[in-house]
Every structure is written in structure tokens, then in C-alpha cells.
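What's in coords.pdb: PDB, C-alpha atoms
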ATOM      1  CA  THR A   1    -103.268  13.144  40.549
ATOM      2  CA  LEU A   2    -104.111  14.771  37.217
ATOM      3  CA  PRO A   3    -106.197  17.974  37.288
ATOM      4  CA  SER A   4    -109.802  17.950  36.090
ATOM      5  CA  VAL A   5    -109.885  21.705  35.359
ATOM      6  CA  ILE A   6    -107.196  23.961  33.852
ATOM      7  CA  ASN A   7    -107.836  27.724  33.635
ATOM      8  CA  GLY A   8    -111.554  27.092  34.025
ATOM      9  CA  ASP A   9    -111.667  24.532  31.232
ATOM     10  CA  LYS A  10    -112.766  21.013  32.016
ATOM     11  CA  VAL A  11    -110.122  18.492  31.107
ATOM     12  CA  GLN A  12    -110.556  14.808  30.537
ATOM     13  CA  TRP A  13    -107.580  12.485  30.700
ATOM     14  CA  SER A  14    -107.210   9.034  29.228
ATOM     15  CA  LYS A  15    -104.381   6.612  28.644
ATOM     16  CA  LYS A  16    -103.320   5.924  25.104
ATOM     17  CA  ARG A  17    -104.145   2.347  24.304
ATOM     18  CA  GLU A  18    -101.643   0.343  22.325
ATOM     19  CA  ASN A  19    -103.025  -2.528  20.328
ATOM     20  CA  LYS A  20    -100.193  -4.981  20.925
ATOM     21  CA  GLY A  21    -102.193  -7.849  19.446
ATOM     22  CA  ILE A  22    -102.002  -6.363  15.939
ATOM     23  CA  LYS A  23     -98.250  -5.803  16.269
ATOM     24  CA  ILE A  24     -97.685  -9.341  17.503
ATOM     25  CA  ALA A  25     -99.870 -10.733  14.702
ATOM     26  CA  GLY A  26     -97.948  -8.669  12.128
ATOM     27  CA  ILE A  27     -94.604  -9.911  13.462
ATOM     28  CA  CYS A  28     -95.849 -13.517  13.384
ATOM     29  CA  VAL A  29     -97.050 -13.125   9.781
ATOM     30  CA  ALA A  30     -93.704 -11.587   8.759
ATOM     31  CA  ILE A  31     -91.787 -14.433  10.419
ATOM     32  CA  ALA A  32     -94.024 -17.018   8.735
ATOM     33  CA  ILE A  33     -93.462 -15.406   5.320
ATOM     34  CA  LEU A  34     -89.696 -15.351   5.872
ATOM     35  CA  LEU A  35     -89.643 -18.992   6.953
ATOM     36  CA  PHE A  36     -91.799 -20.046   4.003
ATOM     37  CA  SER A  37     -89.618 -18.100   1.547
ATOM     38  CA  SER A  38     -86.455 -19.565   3.061
ATOM     39  CA  GLU A  39     -87.843 -23.099   2.849
ATOM     40  CA  ALA A  40     -88.967 -22.579  -0.758
ATOM     41  CA  ILE A  41     -85.528 -21.248  -1.754
ATOM     42  CA  GLU A  42     -83.831 -24.145   0.031
ATOM     43  CA  LYS A  43     -86.042 -26.694  -1.753
ATOM     44  CA  LYS A  44     -85.369 -25.044  -5.117
ATOM     45  CA  GLU A  45     -81.614 -25.081  -4.529
ATOM     46  CA  SER A  46     -81.743 -28.693  -3.348
ATOM     47  CA  SER A  47     -83.712 -29.724  -6.454
ATOM     48  CA  LYS A  48     -81.291 -27.839  -8.699
ATOM     49  CA  LYS A  49     -78.314 -29.519  -7.032
ATOM     50  CA  ARG A  50     -79.970 -32.958  -7.374
ATOM     51  CA  LEU A  51     -80.575 -32.507 -11.111
ATOM     52  CA  ALA A  52     -76.999 -31.298 -11.653
ATOM     53  CA  GLU A  53     -75.702 -34.367  -9.786
ATOM     54  CA  ILE A  54     -77.845 -36.720 -11.890
ATOM     55  CA  LYS A  55     -76.609 -35.066 -15.098
ATOM     56  CA  GLU A  56     -73.042 -35.483 -13.902
ATOM     57  CA  ASP A  57     -73.478 -39.213 -13.110
ATOM     58  CA  TYR A  58     -75.601 -40.149 -16.123
ATOM     59  CA  PRO A  59     -72.785 -40.593 -18.718
ATOM     60  CA  GLU A  60     -70.970 -43.042 -16.427
ATOM     61  CA  PHE A  61     -74.219 -44.955 -15.846
ATOM     62  CA  ALA A  62     -74.985 -45.141 -19.593
ATOM     63  CA  LEU A  63     -71.461 -46.394 -20.283
ATOM     64  CA  LYS A  64     -71.765 -49.080 -17.571
ATOM     65  CA  CYS A  65     -75.063 -50.262 -19.043
ATOM     66  CA  SER A  66     -73.572 -50.409 -22.540
ATOM     67  CA  MET A  67     -70.559 -52.418 -21.349
ATOM     68  CA  LEU A  68     -72.526 -54.877 -19.199
ATOM     69  CA  ILE A  69     -75.196 -55.532 -21.824
ATOM     70  CA  GLY A  70     -72.443 -55.812 -24.443
ATOM     71  CA  ALA A  71     -70.901 -58.499 -22.227
ATOM     72  CA  GLY A  72     -74.114 -60.538 -22.430
ATOM     73  CA  MET A  73     -76.190 -59.373 -19.440
ATOM     74  CA  THR A  74     -79.879 -58.532 -19.694
ATOM     75  CA  MET A  75     -81.120 -55.084 -18.693
ATOM     76  CA  ARG A  76     -82.581 -56.505 -15.494
ATOM     77  CA  GLN A  77     -79.265 -58.133 -14.564
ATOM     78  CA  THR A  78     -77.483 -54.862 -15.366
ATOM     79  CA  PHE A  79     -79.818 -52.903 -13.096
ATOM     80  CA  GLU A  80     -79.286 -55.428 -10.318
ATOM     81  CA  LYS A  81     -75.492 -55.387 -10.658
ATOM     82  CA  ILE A  82     -75.208 -51.578 -10.712
ATOM     83  CA  ALA A  83     -77.608 -51.144  -7.776
ATOM     84  CA  LYS A  84     -75.975 -53.811  -5.601
ATOM     85  CA  SER A  85     -72.485 -52.511  -6.394
ATOM     86  CA  TYR A  86     -73.599 -48.998  -5.393
ATOM     87  CA  VAL A  87     -75.146 -50.184  -2.114
ATOM     88  CA  ALA A  88     -72.075 -52.251  -1.230
ATOM     89  CA  ASN A  89     -69.355 -49.746  -2.137
ATOM     90  CA  SER A  90     -70.731 -46.216  -2.045
ATOM     91  CA  MET A  91     -69.801 -44.022   0.916
ATOM     92  CA  HIS A  92     -72.068 -41.126  -0.115
ATOM     93  CA  LYS A  93     -75.580 -41.051  -1.538
ATOM     94  CA  ARG A  94     -75.912 -40.189  -5.223
ATOM     95  CA  ALA A  95     -79.372 -39.333  -6.518
ATOM     96  CA  LEU A  96     -79.140 -41.272  -9.793
ATOM     97  CA  TYR A  97     -78.008 -44.492  -8.124
ATOM     98  CA  GLU A  98     -80.609 -44.087  -5.376
ATOM     99  CA  GLU A  99     -83.258 -44.091  -8.116
ATOM    100  CA  ILE A 100     -81.675 -47.222  -9.620
ATOM    101  CA  THR A 101     -82.027 -49.010  -6.260
ATOM    102  CA  VAL A 102     -85.683 -47.921  -6.173
ATOM    103  CA  GLY A 103     -86.083 -49.451  -9.640
ATOM    104  CA  LEU A 104     -84.466 -52.674  -8.446
ATOM    105  CA  ARG A 105     -86.924 -52.909  -5.529
ATOM    106  CA  GLU A 106     -89.786 -52.398  -7.992
ATOM    107  CA  LEU A 107     -88.459 -55.219 -10.179
ATOM    108  CA  GLU A 108     -88.176 -57.502  -7.153
ATOM    109  CA  SER A 109     -91.734 -56.656  -6.101
ATOM    110  CA  GLY A 110     -93.100 -57.708  -9.488
ATOM    111  CA  VAL A 111     -93.543 -54.407 -11.342
ATOM    112  CA  PRO A 112     -93.213 -54.992 -15.125
ATOM    113  CA  GLU A 113     -89.788 -54.070 -16.517
ATOM    114  CA  ARG A 114     -91.158 -51.552 -19.005
ATOM    115  CA  GLN A 115     -92.862 -49.597 -16.242
ATOM    116  CA  VAL A 116     -89.766 -49.749 -14.026
ATOM    117  CA  TYR A 117     -87.513 -48.195 -16.689
ATOM    118  CA  GLU A 118     -90.060 -45.548 -17.629
ATOM    119  CA  ARG A 119     -90.638 -44.614 -13.977
ATOM    120  CA  PHE A 120     -86.904 -44.490 -13.378
ATOM    121  CA  GLY A 121     -86.471 -42.016 -16.224
ATOM    122  CA  ARG A 122     -89.281 -39.769 -14.983
ATOM    123  CA  ARG A 123     -88.177 -39.847 -11.321
ATOM    124  CA  CYS A 124     -84.688 -38.669 -12.199
ATOM    125  CA  GLY A 125     -86.251 -35.622 -13.808
ATOM    126  CA  ILE A 126     -83.861 -34.880 -16.679
ATOM    127  CA  ARG A 127     -84.349 -35.308 -20.410
ATOM    128  CA  GLU A 128     -81.508 -37.824 -20.761
ATOM    129  CA  THR A 129     -82.894 -40.303 -18.218
ATOM    130  CA  GLU A 130     -86.410 -40.033 -19.656
ATOM    131  CA  LYS A 131     -84.938 -40.849 -23.061
ATOM    132  CA  PHE A 132     -83.027 -43.758 -21.526
ATOM    133  CA  GLY A 133     -86.151 -45.144 -19.822
ATOM    134  CA  ASN A 134     -88.150 -44.974 -23.049
ATOM    135  CA  LEU A 135     -85.255 -46.552 -24.947
ATOM    136  CA  MET A 136     -85.117 -49.500 -22.545
ATOM    137  CA  SER A 137     -88.881 -49.899 -22.647
ATOM    138  CA  ARG A 138     -89.027 -49.945 -26.455
ATOM    139  CA  ASN A 139     -86.065 -52.283 -26.921
ATOM    140  CA  LEU A 140     -87.310 -54.992 -24.554
ATOM    141  CA  ARG A 141     -89.250 -56.460 -27.490
ATOM    142  CA  LYS A 142     -86.373 -56.223 -29.985
ATOM    143  CA  GLY A 143     -83.968 -58.472 -28.120
ATOM    144  CA  SER A 144     -80.455 -57.938 -26.838
ATOM    145  CA  GLU A 145     -78.835 -57.161 -30.217
ATOM    146  CA  GLY A 146     -81.013 -54.132 -30.847
ATOM    147  CA  LEU A 147     -80.502 -53.017 -27.252
ATOM    148  CA  LYS A 148     -76.692 -53.248 -27.575
ATOM    149  CA  ASN A 149     -76.624 -50.966 -30.603
ATOM    150  CA  ALA A 150     -79.047 -48.505 -29.054
ATOM    151  CA  LEU A 151     -77.036 -48.346 -25.819
ATOM    152  CA  ARG A 152     -73.729 -47.866 -27.637
ATOM    153  CA  GLN A 153     -75.213 -44.847 -29.372
ATOM    154  CA  GLU A 154     -76.674 -43.545 -26.109
ATOM    155  CA  ALA A 155     -73.340 -43.979 -24.308
ATOM    156  CA  ARG A 156     -71.526 -42.047 -27.048
ATOM    157  CA  GLU A 157     -74.030 -39.210 -26.860
ATOM    158  CA  ALA A 158     -73.821 -39.187 -23.038
ATOM    159  CA  MET A 159     -70.017 -38.953 -23.115
ATOM    160  CA  ASP A 160     -70.190 -36.094 -25.630
ATOM    161  CA  MET A 161     -72.634 -34.376 -23.288
ATOM    162  CA  HIS A 162     -70.235 -34.955 -20.386
ATOM    163  CA  LYS A 163     -67.369 -33.358 -22.314
ATOM    164  CA  GLU A 164     -69.581 -30.356 -23.068
ATOM    165  CA  GLN A 165     -70.465 -30.024 -19.377
ATOM    166  CA  ILE A 166     -66.769 -30.055 -18.434
ATOM    167  CA  ARG A 167     -66.042 -27.407 -21.076
ATOM    168  CA  ARG A 168     -68.830 -25.172 -19.739
ATOM    169  CA  LYS A 169     -67.610 -25.596 -16.166
ATOM    170  CA  GLY A 170     -64.132 -24.559 -17.292
ATOM    171  CA  GLU A 171     -65.519 -21.438 -18.978
ATOM    172  CA  THR A 172     -67.573 -20.568 -15.889
ATOM    173  CA  ALA A 173     -64.560 -21.038 -13.614
ATOM    174  CA  GLY A 174     -62.492 -18.774 -15.881
ATOM    175  CA  THR A 175     -65.152 -16.061 -15.725
ATOM    176  CA  LYS A 176     -65.342 -16.293 -11.933
ATOM    177  CA  LEU A 177     -61.555 -15.912 -11.665
ATOM    178  CA  LEU A 178     -61.530 -12.789 -13.844
ATOM    179  CA  PHE A 179     -62.761 -10.403 -11.127
ATOM    180  CA  PRO A 180     -60.233 -11.535  -8.442
ATOM    181  CA  MET A 181     -57.472 -11.238 -11.039
ATOM    182  CA  LEU A 182     -58.495  -7.637 -11.786
ATOM    183  CA  ILE A 183     -58.451  -6.843  -8.068
ATOM    184  CA  LEU A 184     -54.962  -8.323  -7.757
ATOM    185  CA  LEU A 185     -53.812  -6.289 -10.766
ATOM    186  CA  LEU A 186     -55.101  -3.074  -9.159
ATOM    187  CA  ILE A 187     -53.339  -3.928  -5.887
ATOM    188  CA  VAL A 188     -50.057  -4.558  -7.726
ATOM    189  CA  MET A 189     -50.428  -1.264  -9.595
ATOM    190  CA  VAL A 190     -51.025   0.605  -6.321
ATOM    191  CA  ILE A 191     -48.005  -1.085  -4.713
ATOM    192  CA  ILE A 192     -45.823   0.002  -7.665
ATOM    193  CA  MET A 193     -47.256   3.483  -8.286
ATOM    194  CA  VAL A 194     -47.504   4.825  -4.710
ATOM    195  CA  PRO A 195     -43.717   4.598  -3.968
ATOM    196  CA  ALA A 196     -42.988   5.996  -7.446
ATOM    197  CA  PHE A 197     -45.187   9.077  -6.875
ATOM    198  CA  SER A 198     -43.789   9.524  -3.372
ATOM    199  CA  THR A 199     -40.244   9.557  -4.750
ATOM    200  CA  PHE A 200     -41.276  11.997  -7.487
ATOM    201  CA  ASN A 201     -42.792  14.410  -4.955
ATOM    202  CA  ILE A 202     -39.619  14.285  -2.810
TER     203      ILE A 202
END
Represent the supplied structure as C-alpha cells.
Amino acid sequence: TLPSVINGDKVQWSKKRENKGIKIAGICVAIAILLFSSEAIEKKESSKKRLAEIKEDYPEFALKCSMLIGAGMTMRQTFEKIAKSYVANSMHKRALYEEITVGLRELESGVPERQVYERFGRRCGIRETEKFGNLMSRNLRKGSEGLKNALRQEAREAMDMHKEQIRRKGETAGTKLLFPMLILLLIVMVIIMVPAFSTFNI
């Protein structure tokens, strides 16, 4: 029992109230912010990875189109062949070829070819595919001869781009290896110098 009077002074006692609701609400808000930030970062990384994959596959796709149309196929037949070959033989999903299969389904459902190629270019989300889609759309009216020449040029540019990407990857890999090599050099120097100094002191 707590006293009501101490040395003649009246004393009032009360329990300190803790507002747990505010703490719980604060923790919930913090967790929600963390989850949202994590999801946003994950989506950004996933989108970045997807675009890099499409850029990597685009030169091969442009070359296939150039070869097939050069062999006498129409653009529609080329789209069909590439999409069906991907579905039949691919073990792993590749973003560019997934978009080609979407384009094939649009063609089969009756969407005009021009729209299909333009949509394909925009869905992929890189400058090269948008250029390709517009190129296909414009050259539908010019006939196969104009399309062959345009695709040859596009394939050449895509392969040059691919070579540049490989060169940049090589430079990046070399830069990443520089720091581990410096660490190894320091370790070797320590291994050599420590016994030498020990011998000198003796």
C-alpha cells in the first residue's frame, strides 16, 4: 500500500500510462515503408534486367529477320517462324521473344500488321526495338525489296551495337577485377616482407 501522506505533505500516486497504440502504429508504418521501398527497388532492378536482356537478344533477332526475309519470307511469316521456334525449343523465358509471341497472337486475332509491329517495339521498351517496329510499319507499303535492304542495314547496326556492348562488358569486368588484384598484391607483399624483416631483426 502506498502512503497518502509523507512528512505531513499529501501525496497522490498514479501509474504512468504508456500509449502502446502509437508505438504499434509507428512500427507498422515503418514496416510498410520498408516493404514498399523493397518492392520498388525490386521492380526497378527487374525492369533494368529485362531491358538489358532485350538489348542483348535484339542483334540476333534482327539478323534472323534479315536472313528469313532475304530468303523470301514475309514479315508476318518471319514473326510466326521465330515465335514458334522459340516456343518449341526454348528452355528459359526471354523477354524479347515473349513479346514476339504476344505479337504473333495479335496477328492471329486480326490486329493490323502495322499496329502489331509498332506495339511490339514500344512494349520492349528500348530505342532499337521502337526503331525496328517503325521500320517494319513503314516498309509494309514498299514491298519486300525495300524491306530487305532496310533490314540488312538494321542487322549491321545491331551487330555493331552488340560488339560495343561486349567491349563495354569487358572493360567493366577488368575494372571489377582491379581491386581484388590489388588486395592479392598486398597479401603477397606482406608474405614476402614479414619474414624478411623478422630475419633482419634477428
What do you get, as a PyMOL selection string, if you spell out every residue that the PyMOL selection byres ((chain A and resi 107) around 12) selects here?
chain A and resi 75-77+79-80+83+100-106+108-117+119-120
Find, counting all atoms listed in the file, the residue in A:Ile183, A:Met161, A:Val87, A:Cys28 that gets nearest to Glu56 (chain A).
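Checking each of A:Ile183, A:Met161, A:Val87, A:Cys28 against Glu56 (chain A), counting all atoms listed in the file, the winner is A:Met161.
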Between CA of Ile166 (chain A) and CA of Asp57 (chain A), distance in Å (one decimal)
12.5 Å
Do you have the CA of Ile69 (chain A)-CA of Leu151 (chain A) distance handy?
8.4 Å
Mind giving me the straight-line distance from CA of Leu96 (chain A) to CA of Met136 (chain A) in Å, one decimal?
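Computing it gives 16.3 Å between the two atoms.
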Residues within 12 Å of (-77.0, -31.0, -12.8), file coordinates, counting all atoms listed in the file: what are they? Give the list as a JSON list (two decimals) with C-alpha atoms, in the frame of the given file.
[["chain", "number", "residue", "atom", "x", "y", "z"],
["A", 45, "GLU", "CA", -81.61, -25.08, -4.53],
["A", 46, "SER", "CA", -81.74, -28.69, -3.35],
["A", 47, "SER", "CA", -83.71, -29.72, -6.45],
["A", 48, "LYS", "CA", -81.29, -27.84, -8.70],
["A", 49, "LYS", "CA", -78.31, -29.52, -7.03],
["A", 50, "ARG", "CA", -79.97, -32.96, -7.37],
["A", 51, "LEU", "CA", -80.58, -32.51, -11.11],
["A", 52, "ALA", "CA", -77.00, -31.30, -11.65],
["A", 53, "GLU", "CA", -75.70, -34.37, -9.79],
["A", 54, "ILE", "CA", -77.84, -36.72, -11.89],
["A", 55, "LYS", "CA", -76.61, -35.07, -15.10],
["A", 56, "GLU", "CA", -73.04, -35.48, -13.90],
["A", 57, "ASP", "CA", -73.48, -39.21, -13.11],
["A", 58, "TYR", "CA", -75.60, -40.15, -16.12],
["A", 94, "ARG", "CA", -75.91, -40.19, -5.22],
["A", 95, "ALA", "CA", -79.37, -39.33, -6.52],
["A", 96, "LEU", "CA", -79.14, -41.27, -9.79],
["A", 124, "CYS", "CA", -84.69, -38.67, -12.20],
["A", 125, "GLY", "CA", -86.25, -35.62, -13.81],
["A", 126, "ILE", "CA", -83.86, -34.88, -16.68],
["A", 127, "ARG", "CA", -84.35, -35.31, -20.41],
["A", 128, "GLU", "CA", -81.51, -37.82, -20.76],
["A", 161, "MET", "CA", -72.63, -34.38, -23.29],
["A", 162, "HIS", "CA", -70.24, -34.96, -20.39],
["A", 165, "GLN", "CA", -70.46, -30.02, -19.38],
["A", 166, "ILE", "CA", -66.77, -30.06, -18.43],
["A", 169, "LYS", "CA", -67.61, -25.60, -16.17]]
Find, counting only C-alpha atoms, the residue in A:Leu35, A:Ile82, A:Met159, A:Ile22 that gets nearest to Pro59 (chain A).
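The closest residue to Pro59 (chain A) is A:Met159.
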Centre, x/y/z edge lengths, axis-aligned box for region 185-192 of chain A with 4 Å per side, as AutoDock Vina command-line options:
--center_x -50.5 --center_y -2.8 --center_z -7.7 --size_x 17.3 --size_y 14.9 --size_z 14.1
What lies within 7 Å of Glu118 (chain A) using all atoms listed in the file, ignoring chain neighbours under 4 positions off, as a PyMOL selection string?
chain A and resi 114+122+130+133-134+137
Calculated over all atoms listed in the file, which of the candidates A:Leu140, A:Ala25, A:Val11, A:Ala88 has the smallest distance to Thr74 (chain A)?
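The answer is A:Leu140, which sits nearest to Thr74 (chain A).
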Evaluate the PyMOL selection byres ((chain A and resi 2) around 12) against this structure - the residues, as a PyMOL selection string, please.
chain A and resi 1+3-6+10-15
Using all atoms listed in the file: which of A:Lys16, A:Lys131, A:Lys23, A:Lys148 has the shortest distance to Cys65 (chain A)
A:Lys148
What's around Glu154 (chain A) at 9 Å? Count all atoms listed in the file, leave out sequence neighbours fewer than 6 positions away in its own chain, and write the answer as a ChimeraX atom specification.
/A:59,62-63,66,132
Expected file content for region 89-102 of chain A, all heavy atoms, as an mmCIF file, in the first residue's frame:
data_model
loop_
_atom_site.group_PDB
_atom_site.id
_atom_site.type_symbol
_atom_site.label_atom_id
_atom_site.label_comp_id
_atom_site.auth_asym_id
_atom_site.auth_seq_id
_atom_site.Cartn_x
_atom_site.Cartn_y
_atom_site.Cartn_z
ATOM 1 N N ASN A 89 11.438 -24.664 -78.694
ATOM 2 C CA ASN A 89 12.807 -25.050 -78.331
ATOM 3 C C ASN A 89 13.372 -24.378 -77.095
ATOM 4 O O ASN A 89 14.355 -24.860 -76.541
ATOM 5 C CB ASN A 89 13.757 -24.751 -79.513
ATOM 6 C CG ASN A 89 13.343 -25.503 -80.765
ATOM 7 O OD1 ASN A 89 13.003 -26.679 -80.710
ATOM 8 N ND2 ASN A 89 13.359 -24.822 -81.900
ATOM 9 N N SER A 90 12.794 -23.278 -76.667
ATOM 10 C CA SER A 90 13.400 -22.535 -75.559
ATOM 11 C C SER A 90 13.116 -23.192 -74.213
ATOM 12 O O SER A 90 11.985 -23.568 -73.916
ATOM 13 C CB SER A 90 12.879 -21.097 -75.542
ATOM 14 O OG SER A 90 13.437 -20.393 -74.460
ATOM 15 N N MET A 91 14.166 -23.313 -73.407
ATOM 16 C CA MET A 91 14.036 -23.867 -72.056
ATOM 17 C C MET A 91 13.777 -22.774 -71.025
ATOM 18 O O MET A 91 13.230 -23.011 -69.962
ATOM 19 C CB MET A 91 15.323 -24.617 -71.684
ATOM 20 C CG MET A 91 15.634 -25.793 -72.596
ATOM 21 S SD MET A 91 14.447 -27.150 -72.419
ATOM 22 C CE MET A 91 14.839 -27.722 -70.772
ATOM 23 N N HIS A 92 14.206 -21.544 -71.334
ATOM 24 C CA HIS A 92 14.061 -20.420 -70.410
ATOM 25 C C HIS A 92 13.367 -19.264 -71.126
ATOM 26 O O HIS A 92 13.571 -19.048 -72.315
ATOM 27 C CB HIS A 92 15.426 -19.964 -69.899
ATOM 28 C CG HIS A 92 16.222 -21.069 -69.263
ATOM 29 N ND1 HIS A 92 15.931 -21.569 -68.015
ATOM 30 C CD2 HIS A 92 17.286 -21.773 -69.709
ATOM 31 C CE1 HIS A 92 16.787 -22.533 -67.716
ATOM 32 N NE2 HIS A 92 17.617 -22.687 -68.731
ATOM 33 N N LYS A 93 12.602 -18.498 -70.371
ATOM 34 C CA LYS A 93 11.899 -17.354 -70.939
ATOM 35 C C LYS A 93 12.879 -16.219 -71.229
ATOM 36 O O LYS A 93 13.747 -15.919 -70.427
ATOM 37 C CB LYS A 93 10.808 -16.864 -69.988
ATOM 38 C CG LYS A 93 9.601 -17.783 -69.915
ATOM 39 C CD LYS A 93 8.490 -17.155 -69.104
ATOM 40 C CE LYS A 93 7.245 -18.037 -69.115
ATOM 41 N NZ LYS A 93 6.130 -17.420 -68.367
ATOM 42 N N ARG A 94 12.706 -15.608 -72.406
ATOM 43 C CA ARG A 94 13.491 -14.438 -72.783
ATOM 44 C C ARG A 94 12.503 -13.340 -73.150
ATOM 45 O O ARG A 94 11.578 -13.545 -73.945
ATOM 46 C CB ARG A 94 14.402 -14.738 -73.971
ATOM 47 C CG ARG A 94 15.350 -15.897 -73.775
ATOM 48 C CD ARG A 94 16.432 -15.588 -72.756
ATOM 49 N NE ARG A 94 17.354 -14.564 -73.218
ATOM 50 C CZ ARG A 94 18.388 -14.135 -72.485
ATOM 51 N NH1 ARG A 94 18.580 -14.615 -71.262
ATOM 52 N NH2 ARG A 94 19.214 -13.205 -72.953
ATOM 53 N N ALA A 95 12.689 -12.171 -72.564
ATOM 54 C CA ALA A 95 11.696 -11.100 -72.664
ATOM 55 C C ALA A 95 11.392 -10.705 -74.108
ATOM 56 O O ALA A 95 10.231 -10.520 -74.476
ATOM 57 C CB ALA A 95 12.182 -9.883 -71.871
ATOM 58 N N LEU A 96 12.436 -10.570 -74.934
ATOM 59 C CA LEU A 96 12.216 -10.158 -76.323
ATOM 60 C C LEU A 96 11.342 -11.149 -77.065
ATOM 61 O O LEU A 96 10.384 -10.771 -77.757
ATOM 62 C CB LEU A 96 13.565 -10.004 -77.035
ATOM 63 C CG LEU A 96 13.495 -9.637 -78.518
ATOM 64 C CD1 LEU A 96 12.921 -8.237 -78.694
ATOM 65 C CD2 LEU A 96 14.869 -9.724 -79.178
ATOM 66 N N TYR A 97 11.642 -12.434 -76.915
ATOM 67 C CA TYR A 97 10.897 -13.465 -77.647
ATOM 68 C C TYR A 97 9.500 -13.662 -77.063
ATOM 69 O O TYR A 97 8.571 -14.053 -77.792
ATOM 70 C CB TYR A 97 11.700 -14.768 -77.668
ATOM 71 C CG TYR A 97 12.935 -14.649 -78.522
ATOM 72 C CD1 TYR A 97 14.165 -14.342 -77.957
ATOM 73 C CD2 TYR A 97 12.865 -14.792 -79.900
ATOM 74 C CE1 TYR A 97 15.303 -14.202 -78.741
ATOM 75 C CE2 TYR A 97 13.997 -14.660 -80.697
ATOM 76 C CZ TYR A 97 15.211 -14.359 -80.112
ATOM 77 O OH TYR A 97 16.325 -14.213 -80.904
ATOM 78 N N GLU A 98 9.334 -13.368 -75.777
ATOM 79 C CA GLU A 98 7.983 -13.385 -75.200
ATOM 80 C C GLU A 98 7.119 -12.314 -75.860
ATOM 81 O O GLU A 98 5.941 -12.531 -76.143
ATOM 82 C CB GLU A 98 8.054 -13.142 -73.689
ATOM 83 C CG GLU A 98 8.615 -14.304 -72.885
ATOM 84 C CD GLU A 98 7.701 -15.516 -72.880
ATOM 85 O OE1 GLU A 98 6.472 -15.336 -72.777
ATOM 86 O OE2 GLU A 98 8.216 -16.652 -73.008
ATOM 87 N N GLU A 99 7.716 -11.141 -76.115
ATOM 88 C CA GLU A 99 6.972 -10.065 -76.777
ATOM 89 C C GLU A 99 6.665 -10.422 -78.231
ATOM 90 O O GLU A 99 5.631 -10.027 -78.774
ATOM 91 C CB GLU A 99 7.770 -8.756 -76.713
ATOM 92 C CG GLU A 99 7.978 -8.209 -75.317
ATOM 93 C CD GLU A 99 6.680 -7.884 -74.596
ATOM 94 O OE1 GLU A 99 5.628 -7.774 -75.259
ATOM 95 O OE2 GLU A 99 6.715 -7.740 -73.357
ATOM 96 N N ILE A 100 7.555 -11.178 -78.858
ATOM 97 C CA ILE A 100 7.285 -11.634 -80.242
ATOM 98 C C ILE A 100 6.090 -12.571 -80.260
ATOM 99 O O ILE A 100 5.235 -12.493 -81.158
ATOM 100 C CB ILE A 100 8.531 -12.328 -80.828
ATOM 101 C CG1 ILE A 100 9.662 -11.321 -80.999
ATOM 102 C CG2 ILE A 100 8.209 -12.966 -82.191
ATOM 103 C CD1 ILE A 100 11.002 -11.941 -81.334
ATOM 104 N N THR A 101 5.992 -13.466 -79.269
ATOM 105 C CA THR A 101 4.836 -14.382 -79.215
ATOM 106 C C THR A 101 3.544 -13.611 -78.951
ATOM 107 O O THR A 101 2.488 -13.977 -79.468
ATOM 108 C CB THR A 101 5.036 -15.457 -78.122
ATOM 109 O OG1 THR A 101 5.215 -14.829 -76.847
ATOM 110 C CG2 THR A 101 6.246 -16.325 -78.414
ATOM 111 N N VAL A 102 3.644 -12.534 -78.163
ATOM 112 C CA VAL A 102 2.462 -11.669 -77.967
ATOM 113 C C VAL A 102 2.056 -11.050 -79.296
ATOM 114 O O VAL A 102 0.869 -10.994 -79.652
ATOM 115 C CB VAL A 102 2.761 -10.561 -76.928
ATOM 116 C CG1 VAL A 102 1.620 -9.537 -76.875
ATOM 117 C CG2 VAL A 102 2.964 -11.163 -75.547
#
